[in-house]
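S.K.: Sharing a structure, written as structure tokens. Questions coming.
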Amino acid sequence: MAADAAGTAHIGGALVRLRNATGLPVAFGGLVEPGRQRMRISEFSGAAGLALRGLAVTSGNGLGGKAVALARPCAVTDYSLSRQISHEYDAAVAEEGLRSVVAIPVVVRRRVRGVLYGALRTAQPLGERTLTAAVQAARDLEQALVVQDEARDLLAAAEARAAAAGAGRGGGGGEASASWEQVREAHAALRALAPRIADPVLRGELLDACGMLAPAAPWGPERQPVVLAPRELDVLACVAAGATNAAAAERLGLRAETVKGYLRSAMRRLGARTRGEAVVAARRAGLLP
């Protein structure tokens, strides 16, 4: 359910961007229901009424259903009169007063995940620039959903590995050690992915999960917890997973010199003289798994 909620939030943002980029007065859309050949219209920008709210669009039916079935953008100049689509949803479309409509499928990993619509209340062809801008809004949404999926896949894998490593740590076996190294690699990947997530709620959940993979060390009254800046911790997580400065820079989208600067700062805060000492100190401080 959390993934659906995050996806719905992404849809809402994409509709605002679509309207701003195209100048179309109405935009709406929704996600394809998991395991079903239909999508439900749930998000709106510029709609006048409630006729389309909650409407379930079956694959192949109407303009949006055609876009789902073909996995490509579809447009009509006058919805109610078009011979290119079926007309199961004419009443709802007419009640909203829509005439010229474009529907763009949102395709992630070769699967249609949703549909974005843009519409006019007059019957006139949508220009090439308008269609191109609408398609770009869908492409941006696809990238957001890809990042969301990657984050959740990594998180699920990291939690499973952490559980396996935790269960085996007492035995000191090589299998447990390998599992824990996988946890560290997943932790580094999650931290590198977090800045790419536009949704602040999902990004916060992801960073909270990173913290769960690296439980904080207990601090007595004689010791103060070490605090690292987010990017310092991102760099140190990459280093802990075995990345060179160049590899960390590529993963984090930073320059190599910037990575060196963050690493030096982290070492100074941790009282470490080398990269290895910094990683050990960060683990003792509960900042890294």
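To be explicit about the labels: the chains of the structure tokens are called A, B, and onward in the order shown, and within each one the residues are counted from 1, while ligands get numbers from 1 in the order they are shown.
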For segment 27-33 of chain A, work out the shell of residues within 6 Å, counting only C-alpha atoms and skipping chain neighbours fewer than 3 positions away, then give it as an mmCIF file with all heavy atoms, in the first residue's frame.

M.R.:
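In the end it all went to around02.cif:
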data_model
loop_
_atom_site.group_PDB
_atom_site.id
_atom_site.type_symbol
_atom_site.label_atom_id
_atom_site.label_comp_id
_atom_site.auth_asym_id
_atom_site.auth_seq_id
_atom_site.Cartn_x
_atom_site.Cartn_y
_atom_site.Cartn_z
ATOM 1 N N LEU A 15 1.015 15.510 -13.161
ATOM 2 C CA LEU A 15 -0.095 16.222 -13.786
ATOM 3 C C LEU A 15 0.119 17.740 -13.745
ATOM 4 O O LEU A 15 -0.182 18.451 -14.709
ATOM 5 C CB LEU A 15 -1.410 15.866 -13.084
ATOM 6 C CG LEU A 15 -1.853 14.408 -13.212
ATOM 7 C CD1 LEU A 15 -3.145 14.184 -12.434
ATOM 8 C CD2 LEU A 15 -2.036 14.021 -14.672
ATOM 9 N N ARG A 36 -4.395 -6.524 -12.550
ATOM 10 C CA ARG A 36 -5.648 -6.369 -13.301
ATOM 11 C C ARG A 36 -5.381 -5.565 -14.567
ATOM 12 O O ARG A 36 -4.478 -4.743 -14.616
ATOM 13 C CB ARG A 36 -6.710 -5.672 -12.446
ATOM 14 C CG ARG A 36 -6.911 -6.300 -11.084
ATOM 15 C CD ARG A 36 -8.114 -5.753 -10.362
ATOM 16 N NE ARG A 36 -9.366 -6.145 -11.010
ATOM 17 C CZ ARG A 36 -10.572 -5.927 -10.468
ATOM 18 N NH1 ARG A 36 -10.666 -5.316 -9.292
ATOM 19 N NH2 ARG A 36 -11.662 -6.300 -11.086
ATOM 20 N N ARG A 38 -6.752 -3.021 -15.871
ATOM 21 C CA ARG A 38 -7.486 -1.766 -15.858
ATOM 22 C C ARG A 38 -6.757 -0.761 -14.980
ATOM 23 O O ARG A 38 -5.994 -1.133 -14.094
ATOM 24 C CB ARG A 38 -8.921 -1.954 -15.375
ATOM 25 C CG ARG A 38 -9.062 -2.227 -13.887
ATOM 26 C CD ARG A 38 -10.518 -2.362 -13.490
ATOM 27 N NE ARG A 38 -10.671 -2.435 -12.037
ATOM 28 C CZ ARG A 38 -11.837 -2.610 -11.418
ATOM 29 N NH1 ARG A 38 -12.940 -2.764 -12.118
ATOM 30 N NH2 ARG A 38 -11.905 -2.638 -10.092
ATOM 31 N N MET A 39 -6.992 0.503 -15.256
ATOM 32 C CA MET A 39 -6.442 1.574 -14.430
ATOM 33 C C MET A 39 -7.606 2.385 -13.875
ATOM 34 O O MET A 39 -8.696 2.408 -14.446
ATOM 35 C CB MET A 39 -5.487 2.457 -15.239
ATOM 36 C CG MET A 39 -6.065 3.154 -16.458
ATOM 37 S SD MET A 39 -6.933 4.733 -16.139
ATOM 38 C CE MET A 39 -5.607 5.687 -15.481
ATOM 39 N N ARG A 40 -7.346 3.032 -12.744
ATOM 40 C CA ARG A 40 -8.390 3.825 -12.092
ATOM 41 C C ARG A 40 -7.945 5.280 -12.025
ATOM 42 O O ARG A 40 -6.859 5.589 -11.534
ATOM 43 C CB ARG A 40 -8.680 3.290 -10.693
ATOM 44 C CG ARG A 40 -9.909 3.927 -10.049
ATOM 45 C CD ARG A 40 -10.254 3.246 -8.742
ATOM 46 N NE ARG A 40 -10.624 1.860 -8.920
ATOM 47 C CZ ARG A 40 -11.857 1.446 -9.249
ATOM 48 N NH1 ARG A 40 -12.825 2.336 -9.443
ATOM 49 N NH2 ARG A 40 -12.112 0.157 -9.376
ATOM 50 N N ILE A 41 -8.786 6.168 -12.533
ATOM 51 C CA ILE A 41 -8.471 7.592 -12.519
ATOM 52 C C ILE A 41 -8.644 8.116 -11.097
ATOM 53 O O ILE A 41 -9.726 8.047 -10.519
ATOM 54 C CB ILE A 41 -9.378 8.364 -13.495
ATOM 55 C CG1 ILE A 41 -9.164 7.849 -14.922
ATOM 56 C CG2 ILE A 41 -9.096 9.863 -13.425
ATOM 57 C CD1 ILE A 41 -10.118 8.450 -15.939
ATOM 58 N N SER A 42 -7.554 8.641 -10.536
ATOM 59 C CA SER A 42 -7.586 9.048 -9.131
ATOM 60 C C SER A 42 -7.082 10.462 -8.881
ATOM 61 O O SER A 42 -7.390 11.061 -7.843
ATOM 62 C CB SER A 42 -6.736 8.076 -8.294
ATOM 63 O OG SER A 42 -5.387 8.099 -8.733
ATOM 64 N N GLU A 43 -6.283 11.018 -9.809
ATOM 65 C CA GLU A 43 -5.655 12.316 -9.574
ATOM 66 C C GLU A 43 -6.066 13.296 -10.667
ATOM 67 O O GLU A 43 -6.174 12.927 -11.843
ATOM 68 C CB GLU A 43 -4.129 12.170 -9.558
ATOM 69 C CG GLU A 43 -3.610 11.178 -8.527
ATOM 70 C CD GLU A 43 -4.040 11.523 -7.115
ATOM 71 O OE1 GLU A 43 -3.786 12.676 -6.699
ATOM 72 O OE2 GLU A 43 -4.622 10.656 -6.450
ATOM 73 N N PHE A 44 -6.249 14.561 -10.269
ATOM 74 C CA PHE A 44 -6.749 15.578 -11.192
ATOM 75 C C PHE A 44 -6.033 16.907 -10.994
ATOM 76 O O PHE A 44 -5.591 17.222 -9.896
ATOM 77 C CB PHE A 44 -8.258 15.802 -10.978
ATOM 78 C CG PHE A 44 -9.093 14.579 -11.198
ATOM 79 C CD1 PHE A 44 -9.263 13.638 -10.187
ATOM 80 C CD2 PHE A 44 -9.691 14.343 -12.424
ATOM 81 C CE1 PHE A 44 -10.008 12.499 -10.394
ATOM 82 C CE2 PHE A 44 -10.441 13.208 -12.648
ATOM 83 C CZ PHE A 44 -10.599 12.279 -11.627
ATOM 84 N N SER A 45 -5.951 17.655 -12.078
ATOM 85 C CA SER A 45 -5.456 19.023 -12.022
ATOM 86 C C SER A 45 -6.255 19.840 -13.036
ATOM 87 O O SER A 45 -6.174 19.599 -14.234
ATOM 88 C CB SER A 45 -3.961 19.086 -12.364
ATOM 89 O OG SER A 45 -3.481 20.412 -12.297
ATOM 90 N N ARG A 113 2.234 1.087 -16.103
ATOM 91 C CA ARG A 113 1.935 1.298 -14.680
ATOM 92 C C ARG A 113 0.843 2.337 -14.457
ATOM 93 O O ARG A 113 0.275 2.417 -13.374
ATOM 94 C CB ARG A 113 3.217 1.730 -13.963
ATOM 95 C CG ARG A 113 4.267 0.640 -13.877
ATOM 96 C CD ARG A 113 4.032 -0.284 -12.707
ATOM 97 N NE ARG A 113 4.173 0.423 -11.457
ATOM 98 C CZ ARG A 113 5.329 0.617 -10.822
ATOM 99 N NH1 ARG A 113 6.437 0.118 -11.343
ATOM 100 N NH2 ARG A 113 5.380 1.271 -9.692
ATOM 101 N N GLY A 114 0.580 3.161 -15.451
ATOM 102 C CA GLY A 114 -0.419 4.199 -15.274
ATOM 103 C C GLY A 114 -0.652 4.940 -16.575
ATOM 104 O O GLY A 114 -0.058 4.625 -17.613
ATOM 105 N N VAL A 115 -1.540 5.927 -16.525
ATOM 106 C CA VAL A 115 -1.846 6.749 -17.696
ATOM 107 C C VAL A 115 -1.985 8.205 -17.251
ATOM 108 O O VAL A 115 -2.602 8.490 -16.219
ATOM 109 C CB VAL A 115 -3.155 6.301 -18.379
ATOM 110 C CG1 VAL A 115 -3.481 7.215 -19.563
ATOM 111 C CG2 VAL A 115 -3.056 4.858 -18.858
ATOM 112 N N LEU A 116 -1.395 9.101 -18.028
ATOM 113 C CA LEU A 116 -1.600 10.539 -17.854
ATOM 114 C C LEU A 116 -2.457 11.044 -19.009
ATOM 115 O O LEU A 116 -2.216 10.700 -20.168
ATOM 116 C CB LEU A 116 -0.261 11.286 -17.867
ATOM 117 C CG LEU A 116 0.771 10.949 -16.785
ATOM 118 C CD1 LEU A 116 1.987 11.853 -16.937
ATOM 119 C CD2 LEU A 116 0.178 11.079 -15.399
ATOM 120 N N TYR A 117 -3.457 11.865 -18.684
ATOM 121 C CA TYR A 117 -4.301 12.481 -19.696
ATOM 122 C C TYR A 117 -4.113 13.996 -19.669
ATOM 123 O O TYR A 117 -3.938 14.592 -18.597
ATOM 124 C CB TYR A 117 -5.785 12.236 -19.425
ATOM 125 C CG TYR A 117 -6.294 10.826 -19.445
ATOM 126 C CD1 TYR A 117 -6.144 9.993 -18.331
ATOM 127 C CD2 TYR A 117 -6.988 10.324 -20.540
ATOM 128 C CE1 TYR A 117 -6.667 8.704 -18.316
ATOM 129 C CE2 TYR A 117 -7.519 9.043 -20.543
ATOM 130 C CZ TYR A 117 -7.358 8.231 -19.425
ATOM 131 O OH TYR A 117 -7.877 6.967 -19.409
ATOM 132 N N GLY A 118 -4.205 14.609 -20.839
ATOM 133 C CA GLY A 118 -4.307 16.061 -20.945
ATOM 134 C C GLY A 118 -5.464 16.365 -21.873
ATOM 135 O O GLY A 118 -5.717 15.615 -22.827
#

S.K.: For segment 135-138 of chain A, list every protein, DNA or RNA residue within 9 Å, evaluated using only C-alpha atoms, and leave out those in the same chain fewer than 2 positions away; present the list as an MDAnalysis selection string.

M.R.: chainID A and resid 14:15 17:18 21 73 104:107 115:116 130:133 140:143

S.K.: Skip Val227 of chain A itself and residues of its chain fewer than 4 positions away, then list as a PDB file with C-alpha atoms, in the first residue's frame all residues within 12 Å of it, counting only C-alpha atoms.

M.R.:
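Saved the output as around-v1.pdb:
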ATOM      1  CA  ALA A 216      23.104   3.515  16.743  1.00  0.00           C
ATOM      2  CA  ARG A 231      26.873  13.512   2.122  1.00  0.00           C
ATOM      3  CA  GLU A 232      29.798  12.605   4.396  1.00  0.00           C
ATOM      4  CA  LEU A 233      27.890   9.502   5.434  1.00  0.00           C
ATOM      5  CA  SER A 265      35.781  15.957   6.645  1.00  0.00           C
ATOM      6  CA  ALA A 266      34.317  12.641   7.844  1.00  0.00           C
ATOM      7  CA  MET A 267      37.761  11.408   8.872  1.00  0.00           C
ATOM      8  CA  ARG A 268      38.345  14.595  10.854  1.00  0.00           C
ATOM      9  CA  ARG A 269      35.020  14.275  12.683  1.00  0.00           C
ATOM     10  CA  LEU A 270      35.722  10.625  13.469  1.00  0.00           C
ATOM     11  CA  ALA A 281      35.126   4.353  13.710  1.00  0.00           C
ATOM     12  CA  ALA A 282      31.831   4.935  11.921  1.00  0.00           C
ATOM     13  CA  ALA A 285      29.625   4.799  16.376  1.00  0.00           C
ATOM     14  CA  GLY A 286      26.628   2.979  14.887  1.00  0.00           C
ATOM     15  CA  LEU A 287      26.672   5.101  11.719  1.00  0.00           C
TER      16      LEU A 287
END

S.K.: How many Å separate atom CA of Leu145 of chain A from atom CA of His10 of chain A?

M.R.: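 Going from atom CA of Leu145 of chain A over to atom CA of His10 of chain A, I get 7.7 Å.
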
S.K.: Using atom CA of Arg110 of chain A and atom CA of Arg72 of chain A as the two end points, give the distance in Å to one decimal.

M.R.: 11.4 Å

S.K.: Would you work out the distance separating atom CA of Tyr89 of chain A from atom CA of Gly62 of chain A, expressed in Å to one decimal?

M.R.: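 Distance between the two atoms: 6.5 Å.
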
S.K.: Could you pull the residues within 10 Å of Pro230 of chain A, counting only C-alpha atoms, minus those fewer than 6 positions along the same chain, as a list in words?

M.R.: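 Residues near the query, excluding close chain neighbours: Arg191, Pro195, Leu207, Leu236 and Tyr262 of chain A.
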
S.K.: Just asking: which residues within segment 8-229 of chain A are helix (DSSP H, G or I) according to DSSP, as a ChimeraX atom specification?

M.R.: /A:8-22,62-70,79-81,90-96,128-168,174-196,200-213

S.K.: Compile the contact shell of Arg251 of chain A as an mmCIF file with C-alpha atoms, in the first residue's frame: residues with an atom at most 12 Å away, counting only C-alpha atoms, same-chain residues fewer than 6 positions apart removed.

M.R.:
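Produced file part38.cif, reproduced below:
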data_model
loop_
_atom_site.group_PDB
_atom_site.id
_atom_site.type_symbol
_atom_site.label_atom_id
_atom_site.label_comp_id
_atom_site.auth_asym_id
_atom_site.auth_seq_id
_atom_site.Cartn_x
_atom_site.Cartn_y
_atom_site.Cartn_z
ATOM 1 C CA ALA A 188 25.597 2.151 0.420
ATOM 2 C CA ALA A 189 23.288 1.671 -2.583
ATOM 3 C CA LEU A 190 20.259 2.905 -0.641
ATOM 4 C CA ARG A 191 22.054 6.030 0.558
ATOM 5 C CA ALA A 192 23.220 6.753 -2.988
ATOM 6 C CA LEU A 193 19.673 6.314 -4.272
ATOM 7 C CA ALA A 194 17.942 8.497 -1.674
ATOM 8 C CA PRO A 195 18.895 11.922 -3.147
ATOM 9 C CA ARG A 196 17.311 10.895 -6.477
ATOM 10 C CA ASP A 234 26.985 8.734 1.790
ATOM 11 C CA VAL A 235 30.659 8.815 0.829
ATOM 12 C CA ALA A 237 29.047 4.150 3.069
ATOM 13 C CA CYS A 238 30.471 3.771 -0.435
ATOM 14 C CA VAL A 239 33.993 3.483 0.949
ATOM 15 C CA ALA A 241 31.387 -1.156 0.572
ATOM 16 C CA ALA A 243 34.350 1.706 -3.584
ATOM 17 C CA THR A 244 37.260 3.863 -4.683
ATOM 18 C CA ASN A 245 36.869 7.634 -4.659
ATOM 19 C CA VAL A 259 34.176 13.025 -2.697
#

S.K.: With only C-alpha atoms as the atoms that count, which of A:Ala123, A:Gly211, A:Ala144, A:Arg255 lies nearest to Thr8 of chain A?

M.R.: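 Ranking A:Ala123, A:Gly211, A:Ala144, A:Arg255 by distance to Thr8 of chain A, first place goes to A:Ala144.
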
S.K.: Restricting the calculation to only C-alpha atoms: of A:Glu257, A:Glu205, A:Glu277, A:Glu250, which residue gets closest to Ala151 of chain A?

M.R.: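 Closest residue, counting only C-alpha atoms: A:Glu205.
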